[in-house]
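S.K.: Next up, data-v4.cif (mmCIF, C-alpha atoms).
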data_structure
loop_
_atom_site.label_atom_id
_atom_site.label_comp_id
_atom_site.auth_asym_id
_atom_site.auth_seq_id
_atom_site.Cartn_x
_atom_site.Cartn_y
_atom_site.Cartn_z
CA MET A 1 -69.55 -35.74 12.23
CA ALA A 2 -69.27 -34.80 15.92
CA VAL A 3 -65.69 -36.09 16.02
CA ASN A 4 -64.73 -33.99 12.98
CA THR A 5 -66.29 -30.87 14.52
CA LEU A 6 -64.39 -31.51 17.76
CA ASN A 7 -61.08 -31.86 15.91
CA PHE A 8 -61.71 -28.61 14.03
CA ASP A 9 -62.49 -26.76 17.27
CA ILE A 10 -59.25 -28.03 18.82
CA LEU A 11 -57.22 -26.93 15.78
CA LEU A 12 -58.85 -23.50 15.79
CA ALA A 13 -58.09 -23.11 19.48
CA LEU A 14 -54.43 -23.88 18.85
CA LEU A 15 -54.09 -21.53 15.86
CA PHE A 16 -55.95 -18.55 17.36
CA PRO A 17 -53.14 -17.45 19.76
CA ILE A 18 -50.60 -17.75 16.92
CA ALA A 19 -52.77 -15.54 14.71
CA ILE A 20 -53.03 -12.90 17.45
CA PHE A 21 -49.24 -12.98 17.93
CA LEU A 22 -48.55 -12.52 14.20
CA ALA A 23 -51.06 -9.67 13.98
CA ALA A 24 -49.37 -7.88 16.86
CA LEU A 25 -45.97 -8.46 15.34
CA ARG A 26 -47.15 -7.11 11.98
CA ALA A 27 -48.51 -3.96 13.65
CA SER A 28 -45.25 -3.23 15.46
CA ILE A 29 -42.85 -3.91 12.54
CA PRO A 30 -42.88 -2.02 9.22
CA MET A 31 -43.65 -4.20 6.20
CA SER A 32 -40.19 -3.61 4.73
CA SER A 33 -38.55 -4.87 7.91
CA PHE A 34 -41.01 -7.74 8.11
CA ARG A 35 -40.06 -8.88 4.60
CA ASP A 36 -36.39 -8.41 5.41
CA ILE A 37 -36.61 -10.70 8.44
CA PHE A 38 -38.01 -13.53 6.37
CA SER A 39 -35.70 -12.93 3.42
CA ARG A 40 -32.72 -13.29 5.72
CA LEU A 41 -33.90 -16.60 7.10
CA GLY A 42 -32.86 -18.41 3.93
CA GLN A 43 -29.62 -16.55 3.34
CA ARG A 44 -26.29 -18.35 3.53
CA PRO A 45 -22.78 -16.94 3.06
CA SER A 46 -21.43 -17.43 -0.46
CA TYR A 47 -18.53 -19.86 -0.22
CA GLY A 48 -17.99 -20.85 -3.84
CA PRO A 49 -14.51 -22.14 -4.73
CA PHE A 50 -13.36 -18.71 -5.97
CA SER A 51 -15.62 -16.46 -3.90
CA LEU A 52 -14.63 -13.36 -1.97
CA GLN A 53 -15.60 -14.98 1.32
CA LYS A 54 -13.58 -18.15 0.72
CA ALA A 55 -10.53 -16.21 -0.45
CA TYR A 56 -10.71 -13.80 2.49
CA GLN A 57 -11.03 -16.66 4.94
CA SER A 58 -8.11 -18.50 3.35
CA TYR A 59 -5.74 -15.53 3.40
CA SER A 60 -6.80 -14.65 6.95
CA ASN A 61 -6.09 -18.16 8.23
CA TYR A 62 -3.00 -18.89 6.13
CA LYS A 63 -0.58 -18.64 9.04
CA LYS A 64 -2.62 -20.95 11.26
CA LEU A 65 -3.09 -23.58 8.56
CA ALA A 66 0.48 -23.45 7.28
CA SER A 67 1.83 -23.68 10.83
CA LEU A 68 -0.36 -26.72 11.40
CA GLU A 69 1.27 -28.35 8.37
CA VAL A 70 4.70 -27.62 9.84
CA SER A 71 3.64 -29.24 13.10
CA THR A 72 2.44 -32.29 11.18
CA ARG A 73 5.80 -32.57 9.41
CA ARG A 74 7.54 -32.31 12.77
CA ALA A 75 5.32 -34.98 14.30
CA THR A 76 5.95 -37.31 11.36
CA TYR A 77 9.70 -36.77 11.64
CA ASN A 78 9.54 -37.60 15.34
CA THR A 79 8.15 -41.05 14.54
CA LEU A 80 11.54 -42.08 13.11
CA GLY A 81 13.59 -44.50 15.13
CA ARG A 82 16.47 -43.20 17.27
CA GLY A 83 19.12 -44.12 14.72
CA HIS A 84 17.37 -42.43 11.82
CA ARG A 85 16.57 -39.39 13.96
CA ARG A 86 20.29 -39.10 14.73
CA ILE A 87 21.08 -39.10 11.00
CA GLY A 88 18.35 -36.55 10.31
CA ASP A 89 19.55 -34.26 13.10
CA THR A 90 23.14 -34.59 11.91
CA ILE A 91 22.33 -33.45 8.37
CA GLY A 92 20.16 -30.63 9.72
CA TYR A 93 16.65 -31.85 8.96
CA SER A 94 15.27 -30.78 12.33
CA GLU A 95 16.72 -27.31 11.76
CA LYS A 96 15.13 -27.35 8.30
CA LEU A 97 11.70 -27.83 9.86
CA SER A 98 12.37 -24.97 12.28
CA ARG A 99 13.39 -22.80 9.35
CA LEU A 100 10.18 -23.74 7.55
CA GLN A 101 8.20 -22.31 10.46
CA VAL A 102 10.16 -19.05 10.29
CA VAL A 103 9.58 -18.78 6.55
CA THR A 104 5.89 -19.60 7.02
CA ASP A 105 5.61 -16.65 9.40
CA ILE A 106 7.32 -14.41 6.83
CA ASN A 107 4.93 -15.47 4.05
CA ALA A 108 2.03 -14.92 6.42
CA VAL A 109 2.87 -11.21 6.51
CA ILE A 110 1.88 -10.97 2.82
CA ALA A 111 -1.21 -13.16 3.27
CA GLU A 112 -2.40 -11.14 6.27
CA GLY A 113 -1.74 -7.88 4.40
CA ILE A 114 -3.95 -9.12 1.56
CA ALA A 115 -6.69 -10.08 4.03
CA GLU A 116 -6.51 -6.74 5.87
CA LEU A 117 -6.83 -4.79 2.63
CA ALA A 118 -9.78 -6.95 1.58
CA ALA A 119 -11.48 -6.31 4.91
CA THR A 120 -11.09 -2.57 4.39
CA GLU A 121 -12.13 -2.44 0.75
CA PHE A 122 -15.08 -4.82 1.03
CA GLY A 123 -16.20 -4.10 4.59
CA LEU A 124 -15.48 -7.64 5.77
CA SER A 125 -15.34 -8.60 9.44
CA GLU A 126 -14.49 -11.85 11.22
CA ALA A 127 -13.16 -14.35 8.71
CA GLY A 128 -14.28 -17.52 10.50
CA SER A 129 -12.70 -20.87 9.71
CA GLY A 130 -13.32 -24.28 8.23
CA ASN A 131 -13.69 -23.40 4.56
CA GLU A 132 -10.15 -22.40 3.56
CA ASP A 133 -8.13 -23.39 0.51
CA ILE A 134 -4.47 -22.94 1.41
CA GLY A 135 -3.41 -24.37 -1.95
CA ARG A 136 -4.95 -21.43 -3.82
CA VAL A 137 -3.24 -18.98 -1.46
CA ARG A 138 0.11 -20.56 -2.29
CA GLU A 139 -0.73 -20.47 -5.98
CA SER A 140 -1.33 -16.73 -5.70
CA LEU A 141 1.99 -16.23 -3.88
CA LYS A 142 3.74 -17.99 -6.76
CA HIS A 143 1.91 -15.73 -9.21
CA PHE A 144 3.52 -12.72 -7.55
CA ILE A 145 6.81 -14.17 -8.78
CA ARG A 146 5.57 -15.28 -12.19
CA ASP A 147 3.81 -11.97 -12.94
CA TRP A 148 5.61 -9.30 -10.94
CA SER A 149 9.25 -10.24 -10.27
CA THR A 150 12.47 -10.06 -12.25
CA GLU A 151 12.87 -13.82 -11.72
CA GLY A 152 9.59 -14.40 -13.56
CA ALA A 153 10.63 -12.26 -16.53
CA ILE A 154 12.03 -15.20 -18.52
CA GLU A 155 8.80 -17.17 -18.21
CA ARG A 156 6.71 -14.10 -19.02
CA GLU A 157 8.75 -13.21 -22.09
CA LYS A 158 8.19 -16.68 -23.54
CA ILE A 159 4.40 -16.46 -23.37
CA PHE A 160 3.74 -12.72 -23.50
CA ARG A 161 5.95 -11.94 -26.49
CA PRO A 162 3.86 -13.67 -29.21
CA ILE A 163 0.74 -11.86 -27.99
CA LEU A 164 2.39 -8.45 -27.65
CA ASP A 165 4.00 -8.79 -31.08
CA VAL A 166 0.56 -9.09 -32.68
CA LEU A 167 -0.74 -6.07 -30.79
CA MET A 168 2.34 -4.03 -31.70
CA THR A 169 1.47 -4.31 -35.41
CA VAL A 170 -1.20 -1.66 -34.78
CA ASP A 171 0.04 1.91 -35.23
CA ASP A 172 0.69 3.76 -31.98
CA GLY A 173 -1.85 6.45 -32.77
CA GLU A 174 -4.63 3.91 -33.33
CA ARG A 175 -4.21 1.91 -30.14
CA SER A 176 -6.07 4.24 -27.78
CA ARG A 177 -9.23 3.64 -29.82
CA LYS A 178 -8.89 -0.15 -29.57
CA ARG A 179 -10.53 -2.11 -26.77
CA VAL A 180 -8.79 -5.23 -25.41
CA LEU A 181 -10.27 -7.78 -22.99
CA VAL A 182 -8.06 -10.24 -21.10
CA PRO A 183 -10.25 -12.88 -19.40
CA GLY A 184 -8.65 -15.10 -16.77
CA SER A 185 -6.14 -12.32 -16.16
CA GLY A 186 -4.85 -13.66 -12.83
CA LEU A 187 -2.59 -11.09 -11.19
CA GLY A 188 -2.95 -8.84 -14.21
CA ARG A 189 0.57 -8.51 -15.61
CA LEU A 190 -0.30 -9.31 -19.24
CA ALA A 191 -3.31 -6.99 -19.19
CA TRP A 192 -1.18 -4.25 -17.66
CA GLU A 193 1.53 -4.74 -20.29
CA ILE A 194 -1.11 -4.40 -23.01
CA SER A 195 -2.37 -1.18 -21.45
CA GLN A 196 1.21 0.12 -21.44
CA LEU A 197 1.21 -0.28 -25.24
CA GLY A 198 -1.58 2.29 -25.34
CA TYR A 199 -4.67 0.07 -25.56
CA ASP A 200 -7.93 0.56 -23.65
CA THR A 201 -7.61 -2.63 -21.59
CA THR A 202 -9.91 -4.58 -19.28
CA ALA A 203 -8.52 -7.35 -17.08
CA ASN A 204 -11.21 -9.87 -16.16
CA GLU A 205 -10.79 -12.41 -13.35
CA LEU A 206 -13.34 -14.57 -11.56
CA SER A 207 -11.16 -15.86 -8.70
CA PHE A 208 -10.93 -13.63 -5.66
CA PHE A 209 -7.79 -15.49 -4.64
CA MET A 210 -6.23 -13.68 -7.61
CA ASN A 211 -8.23 -10.47 -7.32
CA LEU A 212 -7.37 -9.85 -3.66
CA ALA A 213 -3.69 -10.46 -4.37
CA PHE A 214 -3.81 -8.13 -7.37
CA ARG A 215 -5.55 -5.46 -5.28
CA PHE A 216 -2.64 -5.74 -2.85
CA LEU A 217 -0.39 -4.53 -5.68
CA LEU A 218 -2.82 -1.95 -7.03
CA SER A 219 -3.44 -0.19 -3.73
CA PRO A 220 -1.04 2.63 -2.76
CA THR A 221 -1.70 1.79 0.89
CA THR A 222 -0.08 -1.65 0.55
CA THR A 223 2.33 -1.28 -2.39
CA ARG A 224 4.15 1.97 -3.04
CA THR A 225 7.51 1.12 -4.60
CA VAL A 226 9.22 -1.58 -6.67
CA GLU A 227 10.70 -4.58 -4.82
CA GLU A 228 8.81 -3.55 -1.69
CA HIS A 229 7.69 -7.05 -0.71
CA THR A 230 9.45 -10.37 -0.23
CA VAL A 231 8.03 -13.89 -0.36
CA ARG A 232 9.42 -17.44 -0.17
CA PRO A 233 7.06 -19.02 -2.72
CA TYR A 234 8.53 -22.55 -2.91
CA ALA A 235 9.23 -23.23 0.78
CA HIS A 236 6.28 -25.57 1.33
CA TRP A 237 7.27 -27.97 -1.50
CA PHE A 238 10.26 -30.08 -0.41
CA SER A 239 10.34 -32.25 -3.56
CA HIS A 240 12.80 -31.67 -6.44
CA GLN A 241 14.96 -29.22 -4.49
CA ARG A 242 18.73 -29.13 -4.93
CA SER A 243 19.42 -27.33 -1.66
CA ASN A 244 17.67 -25.75 1.27
CA GLU A 245 18.98 -22.37 0.17
CA SER A 246 17.11 -22.78 -3.10
CA LEU A 247 14.04 -24.07 -1.28
CA PHE A 248 13.83 -21.15 1.13
CA ARG A 249 15.15 -18.40 -1.11
CA ALA A 250 13.53 -14.98 -0.86
CA ILE A 251 12.23 -13.30 -4.02
CA SER A 252 11.28 -9.64 -4.10
CA PHE A 253 8.35 -8.12 -5.95
CA PRO A 254 6.95 -6.15 -7.71
CA ASP A 255 9.39 -5.18 -10.45
CA ALA A 256 6.84 -2.58 -11.59
CA VAL A 257 4.00 -0.88 -9.69
CA PRO A 258 0.63 -1.21 -11.45
CA ARG A 259 -2.27 1.18 -10.98
CA LEU A 260 -5.77 1.17 -12.39
CA SER A 261 -6.59 4.04 -14.73
CA PRO A 262 -9.27 5.12 -17.22
CA THR A 263 -7.57 2.83 -19.76
CA PHE A 264 -6.76 -0.07 -17.41
CA ARG A 265 -9.67 -1.63 -15.56
CA LEU A 266 -10.32 -4.73 -13.47
CA SER A 267 -13.60 -6.63 -13.89
CA GLU A 268 -14.07 -9.07 -11.00
CA THR A 269 -16.73 -11.35 -12.39
CA ASP A 270 -17.41 -14.46 -14.44
CA PHE A 271 -16.28 -14.03 -18.04
CA LEU A 272 -19.55 -15.52 -19.30
CA SER A 273 -21.51 -12.72 -17.59
CA LEU A 274 -19.72 -9.96 -19.48
CA LYS A 275 -21.56 -7.89 -22.09
CA PRO A 276 -19.93 -6.38 -25.17
CA PRO A 277 -18.94 -2.73 -24.81
CA SER A 278 -21.37 -0.95 -27.10
CA ASP A 279 -21.29 2.04 -29.41
CA ASN A 280 -24.68 3.55 -28.56
CA ILE A 281 -26.29 0.10 -28.60
CA ASN A 282 -28.01 -1.59 -25.69
CA PRO A 283 -25.59 -4.37 -24.63
CA SER A 284 -28.38 -6.43 -23.09
CA THR A 285 -29.66 -7.20 -26.58
CA PHE A 286 -26.52 -9.07 -27.61
CA VAL A 287 -26.69 -12.83 -28.08
CA TRP A 288 -24.32 -15.09 -29.89
CA SER A 289 -25.07 -15.63 -33.57
CA LYS A 290 -22.96 -16.32 -36.64
CA SER A 291 -25.14 -13.83 -38.55
CA ASP A 292 -25.43 -10.99 -36.02
CA ASN A 293 -23.05 -8.59 -37.78
CA ASP A 294 -25.77 -6.54 -39.46
CA PHE A 295 -27.18 -5.13 -36.21
CA ARG A 296 -24.12 -4.93 -34.01
CA LYS A 297 -21.11 -2.65 -34.27
CA GLY A 298 -20.02 -2.60 -30.63
CA GLY A 299 -17.59 -5.02 -29.00
CA TYR A 300 -13.93 -5.56 -28.22
CA ASP A 301 -11.30 -5.20 -30.90
CA TYR A 302 -9.14 -7.89 -29.30
CA ILE A 303 -9.76 -10.65 -26.79
CA VAL A 304 -6.58 -12.24 -25.44
CA THR A 305 -6.79 -15.65 -23.76
CA LEU A 306 -3.64 -16.91 -22.05
CA PHE A 307 -3.85 -20.33 -20.35
CA PHE A 308 -7.59 -19.78 -20.19
CA ILE A 309 -9.86 -21.76 -22.51
CA ASP A 310 -9.01 -25.14 -20.94
CA THR A 311 -10.42 -23.90 -17.62
CA SER A 312 -13.87 -23.93 -19.26
CA LEU A 313 -16.47 -26.41 -18.13
CA ASN A 314 -17.98 -26.00 -21.59
CA VAL A 315 -15.41 -24.69 -24.06
CA PHE A 316 -18.09 -24.33 -26.73
CA THR A 317 -19.85 -21.74 -24.56
CA THR A 318 -16.54 -19.98 -23.91
CA MET A 319 -15.66 -19.71 -27.60
CA GLU A 320 -19.17 -18.59 -28.49
CA HIS A 321 -18.93 -15.86 -25.87
CA ILE A 322 -15.56 -14.72 -27.19
CA TYR A 323 -17.24 -14.45 -30.60
CA THR A 324 -20.15 -12.50 -29.09
CA LEU A 325 -17.89 -10.00 -27.29
CA LEU A 326 -15.78 -9.21 -30.36
CA ARG A 327 -16.85 -6.51 -32.77
CA PRO A 328 -17.11 -7.55 -36.44
CA GLY A 329 -13.54 -7.78 -37.70
CA GLY A 330 -12.27 -8.25 -34.13
CA THR A 331 -9.40 -10.57 -33.25
CA TRP A 332 -9.03 -13.43 -30.79
CA ILE A 333 -5.45 -14.14 -29.70
CA ASN A 334 -4.91 -17.39 -27.81
CA LEU A 335 -1.93 -19.08 -26.20
CA GLY A 336 -2.18 -22.05 -23.88
CA PRO A 337 -2.42 -25.81 -23.36
CA LEU A 338 -5.48 -28.06 -23.16
CA LEU A 339 -5.35 -29.19 -19.53
CA TRP A 340 -9.05 -29.80 -19.08
CA THR A 341 -10.74 -29.89 -15.69
CA SER A 342 -10.81 -33.58 -14.82
CA GLY A 343 -13.24 -35.71 -12.84
CA GLY A 344 -16.11 -35.30 -15.26
CA TYR A 345 -16.54 -31.58 -14.53
CA ALA A 346 -15.72 -30.49 -18.08
CA LYS A 347 -18.63 -31.30 -20.37
CA VAL A 348 -16.25 -31.85 -23.29
CA GLU A 349 -12.47 -32.41 -23.35
CA LEU A 350 -11.37 -31.66 -26.90
CA SER A 351 -8.19 -32.32 -28.81
CA LEU A 352 -6.44 -29.36 -30.44
CA ASP A 353 -7.84 -30.30 -33.83
CA GLU A 354 -11.33 -30.39 -32.36
CA VAL A 355 -10.89 -26.98 -30.72
CA ILE A 356 -9.82 -25.41 -34.01
CA SER A 357 -12.66 -27.09 -35.89
CA ALA A 358 -15.17 -25.91 -33.29
CA ALA A 359 -13.82 -22.35 -33.48
CA GLU A 360 -14.28 -22.38 -37.25
CA GLU A 361 -17.79 -23.82 -36.89
CA ILE A 362 -18.66 -20.96 -34.51
CA GLY A 363 -17.53 -18.52 -37.19
CA PHE A 364 -13.87 -17.72 -36.55
CA VAL A 365 -11.29 -17.60 -39.30
CA VAL A 366 -8.12 -19.07 -37.80
CA GLN A 367 -4.99 -17.69 -39.43
CA ASP A 368 -2.23 -20.03 -40.54
CA GLY A 369 0.74 -18.18 -42.04
CA GLU A 370 4.40 -19.08 -41.67
CA ASP A 371 6.03 -19.17 -38.27
CA ALA A 372 8.34 -16.17 -37.87
CA ALA A 373 10.34 -18.15 -35.31
CA THR A 374 11.27 -20.84 -37.83
CA THR A 375 11.31 -19.05 -41.20
CA ASP A 376 12.80 -15.88 -42.58
CA THR A 377 9.55 -14.90 -44.24
CA GLY A 378 7.16 -15.80 -41.40
CA ASP A 379 4.78 -13.44 -39.62
CA VAL A 380 3.71 -12.83 -36.05
CA PHE A 381 0.16 -14.00 -36.81
CA ALA A 382 1.25 -17.55 -37.65
CA ARG A 383 -0.24 -20.41 -35.71
CA ARG A 384 2.50 -22.31 -33.86
CA THR A 385 3.48 -24.38 -30.83
CA ILE A 386 5.38 -22.67 -28.01
CA GLU A 387 7.19 -24.59 -25.29
CA CYS A 388 6.73 -22.81 -21.99
CA GLU A 389 6.25 -23.16 -18.24
CA TYR A 390 3.65 -21.84 -15.84
CA THR A 391 4.72 -20.64 -12.37
CA GLY A 392 7.78 -22.85 -12.67
CA ASP A 393 10.65 -22.91 -10.16
CA MET A 394 13.69 -22.13 -12.29
CA LYS A 395 16.07 -23.69 -9.73
CA ALA A 396 14.16 -26.93 -9.13
CA MET A 397 15.22 -30.38 -10.33
CA MET A 398 11.92 -30.82 -12.16
CA ARG A 399 10.52 -28.70 -15.02
CA TRP A 400 6.95 -28.98 -16.29
CA ILE A 401 7.02 -27.98 -19.96
CA TYR A 402 3.84 -27.22 -21.87
CA LYS A 403 3.68 -27.36 -25.63
CA ALA A 404 1.16 -24.55 -25.74
CA GLU A 405 -0.62 -23.59 -28.94
CA PHE A 406 -0.67 -20.03 -30.23
CA TRP A 407 -3.18 -18.81 -32.77
CA VAL A 408 -4.82 -15.66 -34.05
CA ALA A 409 -8.43 -15.88 -35.20
CA THR A 410 -10.70 -13.20 -36.59
CA LYS A 411 -14.43 -12.60 -36.56
CA PRO A 412 -15.62 -11.77 -40.09
CA LYS A 413 -16.84 -8.23 -40.74
#
Please render this file's structure as structure tokens.
M.R.:
Amino acid sequence: MAVNTLNFDILLALLFPIAIFLAALRASIPMSSFRDIFSRLGQRPSYGPFSLQKAYQSYSNYKKLASLEVSTRRATYNTLGRGHRRIGDTIGYSEKLSRLQVVTDINAVIAEGIAELAATEFGLSEAGSGNEDIGRVRESLKHFIRDWSTEGAIEREKIFRPILDVLMTVDDGERSRKRVLVPGSGLGRLAWEISQLGYDTTANELSFFMNLAFRFLLSPTTTRTVEEHTVRPYAHWFSHQRSNESLFRAISFPDAVPRLSPTFRLSETDFLSLKPPSDNINPSTFVWSKSDNDFRKGGYDYIVTLFFIDTSLNVFTTMEHIYTLLRPGGTWINLGPLLWTSGGYAKVELSLDEVISAAEEIGFVVQDGEDAATTDTGDVFARRTIECEYTGDMKAMMRWIYKAEFWVATKPK
């Protein structure tokens, strides 16, 4: 018993000064600040794969990282034997690597402009390093060409036209009262084109690699006129190139200058977090149900998914949410492949037949009809397969062709 009492006295003696210190600290610091100190102890910067912080860091450090890749190419080339180096120098390969560095510096002007605008609009400071994704930066640079250049017009026409044809069946005077959501909108060209038809349009994109690049086009401080910017989008990929001129060619953008407006909005968030736009109904009450039509009248008239549903980790959840966001009688327009996220990330990887069956099980009525492209009596609502590309290099020796599926599905009234 004496030993236990002694141990307790020692412990009390050790804790007493700490208690006095904490009491003094509490007296000198307001409770709100006191809570704030401890709340900040567990905070960590958000560096998700598509986060604002990761995208900002990647754009900010693009030049450094891309230049490091050029140096690595140069070092690898220098390991060639003398005879092979002589051949390489004779055909101009060393000059090609020097040209790659010049082009990298030119592309960095766009990347740094994107980062500077992001810093201004979001109040960001030092970017830091070590968490970049240069591949997503390059993907965004290629999207400038796919979405906003005259060179990308052929690719856009192939995949935009079926969608726009459906939307153009609505009378001009009715379109302003129709709401359209375009999730996975990327750099926003399709959503902008839909808004130009007269629809109340919301572009929705989770990735800040895309959003920051799109903001670069939307802002009058960085983009004022057509063809204002130039990028060399394919310079880093030496494979499948017919010539260095094709590899390093400059492409100007944008071919049109987009601006946000009361009828063209950008929602920078996860699609699954979106609520249906309501007509005097509390949107927080909405949950997916095949029999929810009696109590809900709000929602989107059209949801357009282009190369989107196969990015889902759970496509069932995605299709259910499309159903939830549509008003009764609303229409889902889809065009895209089924390139599921690999490595076990996707919870299900469905065949096309399974996707259609699941959509019907959720409650959609998928329209069939006759293909207007193959029959004289067909209609624009017909389900069909469309061969297309995605951010393809039209001058490369290799073409990646998707056999994308197009369908129109409705939510019963």
S.K.: Just to confirm, what's the straight-line distance from atom CA of A:Pro183 to atom CA of A:Thr391 in Å (one decimal)?
M.R.: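 Computing the Euclidean distance for atom CA of A:Pro183 and atom CA of A:Thr391 yields 18.3 Å.
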S.K.: Write out as a tab-separated table the residues of stretch 154-263 of chain A that have any atom within 12 Å of an atom of stretch 64-87 of chain A, one row each with the nearest atom pair and its distance in Å to one decimal, counting all atoms listed in the file, sorted by chain and then rising number.
M.R.:
residue	atom	partner	partner_atom	distance
A:Ala235	CA	A:Ala66	CA	10.9
A:His236	CA	A:Ala66	CA	8.6
A:Trp237	CA	A:Glu69	CA	11.6
A:Phe238	CA	A:Arg73	CA	11.1
S.K.: Between A:Val366, A:Ser243, A:Glu268, A:Glu151, single out the one closest to A:Met397, counting all atoms listed in the file.
M.R.: A:Ser243
S.K.: So what do you get for atom CA of A:Val365 versus atom CA of A:Lys411, distance-wise?
M.R.: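 It comes out at 6.5 Å.
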S.K.: Do you know which residues are at most 12 Å from A:Tyr62 counting all atoms listed in the file, after dropping those on the same chain fewer than 2 positions away, and could you put them as a ChimeraX atom specification?
M.R.: /A:54-60,64-69,104-115,127,129-138,141
S.K.: One decimal, in Å: what's the spacing between atom CA of A:Phe248 and atom CA of A:Val231?
M.R.: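 Here the two named atoms are 9.4 Å from each other.
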S.K.: Choose the residue, out of A:Leu352, A:Glu361, A:Thr410, A:Asp301, that has the smallest atom-to-atom separation from A:Arg384; count all atoms listed in the file.
M.R.: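 Between A:Leu352, A:Glu361, A:Thr410, A:Asp301, the residue approaching A:Arg384 most closely is A:Leu352.
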S.K.: Which one of A:Gly88, A:Gly186, A:Gly330, A:Pro220 sits closest to A:Ser140 if you count all atoms listed in the file?
M.R.: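 Using all atoms listed in the file, the shortest distance to A:Ser140 belongs to A:Gly186.
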S.K.: Taking the file above as input, evaluate the PyMOL selection byres ((chain A and resi 246) around 10) and report the hits as JSON, numbers by chain.
M.R.: {"A": [232, 234, 235, 241, 242, 243, 244, 245, 247, 248, 249, 250, 393, 394, 395, 396]}
S.K.: List as number ranges by chain the protein and nucleic acid residues near A:Ser176, meaning an atom at most 6 Å away when all atoms listed in the file are counted, but skip any in the same chain fewer than 5 places from it.
M.R.: A: 198-200
S.K.: Output C-alpha atoms of each residue in that selection to a file, as a PDB file, in the coordinates of the input.
M.R.:
ATOM      1  CA  GLY A 198      -1.580   2.290 -25.340  1.00  0.00           C
ATOM      2  CA  TYR A 199      -4.670   0.070 -25.560  1.00  0.00           C
ATOM      3  CA  ASP A 200      -7.930   0.560 -23.650  1.00  0.00           C
TER       4      ASP A 200
END
S.K.: Taking all atoms of stretch 196-201 of chain A that the file lists and extending 3 Å past them on each side, where is the centre of the axis-aligned box and how long are its edges? Answer in Å to one decimal, as lines of an AutoDock Vina configuration file.
M.R.:
center_x = -3.4
center_y = -0.2
center_z = -23.5
size_x = 15.1
size_y = 10.9
size_z = 10.1
S.K.: Please return, as a ChimeraX atom specification, all polymer residues that have at least one atom within 10 Å of the point (-10.5, -24.4, -32.3); use all atoms listed in the file and the file's own coordinate frame.
M.R.: /A:315-316,319,350-362,364-366,407,409
S.K.: Pull C-alpha atoms from the residues just selected and write them as a PDB file, in the coordinates of the input.
M.R.:
ATOM      1  CA  VAL A 315     -15.410 -24.690 -24.060  1.00  0.00           C
ATOM      2  CA  PHE A 316     -18.090 -24.330 -26.730  1.00  0.00           C
ATOM      3  CA  MET A 319     -15.660 -19.710 -27.600  1.00  0.00           C
ATOM      4  CA  LEU A 350     -11.370 -31.660 -26.900  1.00  0.00           C
ATOM      5  CA  SER A 351      -8.190 -32.320 -28.810  1.00  0.00           C
ATOM      6  CA  LEU A 352      -6.440 -29.360 -30.440  1.00  0.00           C
ATOM      7  CA  ASP A 353      -7.840 -30.300 -33.830  1.00  0.00           C
ATOM      8  CA  GLU A 354     -11.330 -30.390 -32.360  1.00  0.00           C
ATOM      9  CA  VAL A 355     -10.890 -26.980 -30.720  1.00  0.00           C
ATOM     10  CA  ILE A 356      -9.820 -25.410 -34.010  1.00  0.00           C
ATOM     11  CA  SER A 357     -12.660 -27.090 -35.890  1.00  0.00           C
ATOM     12  CA  ALA A 358     -15.170 -25.910 -33.290  1.00  0.00           C
ATOM     13  CA  ALA A 359     -13.820 -22.350 -33.480  1.00  0.00           C
ATOM     14  CA  GLU A 360     -14.280 -22.380 -37.250  1.00  0.00           C
ATOM     15  CA  GLU A 361     -17.790 -23.820 -36.890  1.00  0.00           C
ATOM     16  CA  ILE A 362     -18.660 -20.960 -34.510  1.00  0.00           C
ATOM     17  CA  PHE A 364     -13.870 -17.720 -36.550  1.00  0.00           C
ATOM     18  CA  VAL A 365     -11.290 -17.600 -39.300  1.00  0.00           C
ATOM     19  CA  VAL A 366      -8.120 -19.070 -37.800  1.00  0.00           C
ATOM     20  CA  TRP A 407      -3.180 -18.810 -32.770  1.00  0.00           C
ATOM     21  CA  ALA A 409      -8.430 -15.880 -35.200  1.00  0.00           C
TER      22      ALA A 409
END
S.K.: Convert the output of the PyMOL selection byres ((chain A and resi 345) around 12) on the shown file into explicit residues, formatted as a PDB file with C-alpha atoms, in the coordinates of the input.
M.R.:
ATOM      1  CA  ASP A 310      -9.010 -25.140 -20.940  1.00  0.00           C
ATOM      2  CA  THR A 311     -10.420 -23.900 -17.620  1.00  0.00           C
ATOM      3  CA  SER A 312     -13.870 -23.930 -19.260  1.00  0.00           C
ATOM      4  CA  LEU A 313     -16.470 -26.410 -18.130  1.00  0.00           C
ATOM      5  CA  ASN A 314     -17.980 -26.000 -21.590  1.00  0.00           C
ATOM      6  CA  VAL A 315     -15.410 -24.690 -24.060  1.00  0.00           C
ATOM      7  CA  TRP A 340      -9.050 -29.800 -19.080  1.00  0.00           C
ATOM      8  CA  THR A 341     -10.740 -29.890 -15.690  1.00  0.00           C
ATOM      9  CA  SER A 342     -10.810 -33.580 -14.820  1.00  0.00           C
ATOM     10  CA  GLY A 343     -13.240 -35.710 -12.840  1.00  0.00           C
ATOM     11  CA  GLY A 344     -16.110 -35.300 -15.260  1.00  0.00           C
ATOM     12  CA  ALA A 346     -15.720 -30.490 -18.080  1.00  0.00           C
ATOM     13  CA  LYS A 347     -18.630 -31.300 -20.370  1.00  0.00           C
ATOM     14  CA  VAL A 348     -16.250 -31.850 -23.290  1.00  0.00           C
ATOM     15  CA  GLU A 349     -12.470 -32.410 -23.350  1.00  0.00           C
TER      16      GLU A 349
END
S.K.: As a check of understanding, name the residues that the PyMOL selection byres ((chain A and resi 160-169) around 7) selects in the supplied structure, as an NGL selection string.
M.R.: :A and (156-159 or 170-171 or 190 or 333 or 380-381)
